[in-house]
Amino acid sequence: MKVYFKIQLKILSRYITDAGINKYLGWALIFIAFVFFSNYTLSENNNLHFIYILVPIFLIAKIASKRRLRFLEFCFPPKKFYKIRLIESLILSLPFAVFLLYYSYPQLALILFILSFLLAFYKRGFSFNFVVPTPFGKYPHEFIIGFRKTFPLILASYFLVAISIIYANFHLALFVIFIQFILSAGYFMHQDLLGYVWVYKHRSHLFLLKKIKLAFFQHFVLYGAELVLFFYFFSDKILLILIFYFLGVLFLSGAILLKYSAFPERIGVKESMLVALAVYFPPLLIALIPYFYVQSVKSLAKYLDD
C-alpha cells in the first residue's frame, strides 16, 4: 500500500511538471490557492459554505470511476481495496474538514466525513465516460479539449452565477468571472506540437493576434450569457464588472503569449512564477504582456516568418 500511495504522489507531481512548473512550486501554489478559496467561500459575508462541501465530494467521486475501481480490485484483495478507498477519501476530505471546523461549521464537517466514508464503500463506481458536444468544432483544439475536461467546472460556475443573483451577492459574481477566466487561460497551458503551428500561413504577430481574438470569442461563447445577467441584476456596478472583465481579458492574453514565449519548449519555472504573481497582483500584467509578446514573436519567427 505504501508503494501505491507513493506512485499516486509521483503521478500528481508529474501532472505539475508536465505543465512546466517545478513540482515544489506547484504544490505551494496549490496550497495557496486552496487557502484563498477556503477563506473566501467560508467567509461569513459570502454564505457559500454549503457549496464548499461539494468540492471534496466531487473529487472523491472523480477518483471512483468504474475503470479505476476495477483496476484497484484487480490489484488488491478486498480488505486492502476498501482500506485504500477509505484512506483516499479521508485524504481528500480532511483539509476541507479542517477549514470547516476552523470557521465553526462542525455539522458540515461531520456530514462531509460521513459522506466520504459512505463513498469509500460504494463499489459500483461513477461513470464519467461521456462525450460532451462543444460549440468549437471548427476551431483549434484548446477550447475543445479544455471544454470537455472542465465541463463539470463550467456547470458549477453557472450554478454559482445563479447563487450570486438569487442572494444578490456581487462579490461572488466577481469571483465567478475571475474563476472562468482562469479556466479559459488554463486551456493554453499545454504546448502545441510543432506541426500545429507550422501549417499556419500567418506571420508570427498576426498568428498571435488571431489566437488572442479567437480565445476572446470562444470565452464569450461560453460565458457571454452571464455578462448580460450581471448587467441586469447588478446594474449599479456595471463599471466594476467591466473592469474585472478587462483584467480577465489581459490575463487570458497573457496566458496565450506565455504559451508561445517558450515555443516549442514547455513553459519554464520563471514564467510560471510570474503568472502566479499576476493572479494575485493583476496590474503586473501590464508589464508582463509586452514582455511575453516580444518573446513569443522571437520564438515563432523561425517557423512562421521565413
# chains A, B, ... in the order shown; residues from 1 in each chain; ligands from 1
call {"tool": "select_by_dssp", "arguments": {"residues": "segment 153-262 of chain A", "states": "helix (DSSP H, G or I)", "output": "JSON, numbers by chain"}}
result
{"A": [153, 154, 155, 156, 157, 158, 159, 160, 161, 162, 163, 164, 165, 166, 170, 171, 172, 173, 174, 175, 176, 177, 178, 179, 180, 181, 182, 183, 184, 185, 186, 194, 195, 196, 197, 198, 204, 205, 206, 207, 208, 209, 210, 211, 212, 213, 214, 215, 216, 217, 218, 219, 220, 221, 222, 223, 224, 225, 226, 227, 228, 229, 230, 231, 232, 233, 235, 236, 237, 238, 239, 240, 241, 242, 243, 244, 245, 246, 247, 248, 249, 250, 251, 252, 253, 254, 255, 256, 257, 258, 259, 260, 261]}
call {"tool": "residues_around", "arguments": {"residues": "segment 7-9 of chain A", "least_positions_apart": "3", "cutoff": "12 Å", "atoms": "only C-alpha atoms", "output": "ChimeraX atom specification"}}
result
/A:1-4,12-16,23,27,63,84,88
call {"tool": "residues_around", "arguments": {"residues": "segment 259-267 of chain A", "least_positions_apart": "6", "cutoff": "6 Å", "atoms": "only C-alpha atoms", "output": "list in words"}}
result
Gly20, Phe292, Gln295, Ser296 and Ser299 of chain A
call {"tool": "atom_distance", "arguments": {"atom1": "atom CA of Tyr52 of chain A", "atom2": "atom CA of Thr150 of chain A"}}
result
18.0 Å
call {"tool": "residues_around", "arguments": {"residues": "segment 227-243 of chain A", "least_positions_apart": "4", "cutoff": "12 Å", "atoms": "only C-alpha atoms", "output": "number ranges by chain"}}
result
A: 158, 161-178, 180, 219-223, 247-250, 282-283
call {"tool": "closest_residue", "arguments": {"among": "A:Gly186, A:Leu100, A:Arg148, A:Ile286", "to": "Ser43 of chain A", "atoms": "only C-alpha atoms"}}
result
A:Leu100
call {"tool": "closest_residue", "arguments": {"among": "A:Ser104, A:Leu277, A:Tyr293, A:Phe96", "to": "Leu29 of chain A", "atoms": "only C-alpha atoms"}}
result
A:Leu277
call {"tool": "atom_distance", "arguments": {"atom1": "atom CA of Ala109 of chain A", "atom2": "atom CA of Pro95 of chain A"}}
result
10.2 Å
call {"tool": "residues_around", "arguments": {"residues": "Leu59 of chain A", "least_positions_apart": "4", "cutoff": "9 Å", "atoms": "only C-alpha atoms", "output": "number ranges by chain"}}
result
A: 54-55, 63-64, 89, 92-93
call {"tool": "closest_residue", "arguments": {"among": "A:Ala287, A:Pro78, A:Met273, A:Leu101", "to": "Tyr24 of chain A", "atoms": "only C-alpha atoms"}}
result
A:Met273
call {"tool": "atom_distance", "arguments": {"atom1": "atom CA of Phe81 of chain A", "atom2": "atom CA of Leu115 of chain A"}}
result
18.2 Å
call {"tool": "closest_residue", "arguments": {"among": "A:Pro56, A:Lys79, A:His49, A:Lys62", "to": "Ile91 of chain A", "atoms": "only C-alpha atoms"}}
result
A:Pro56
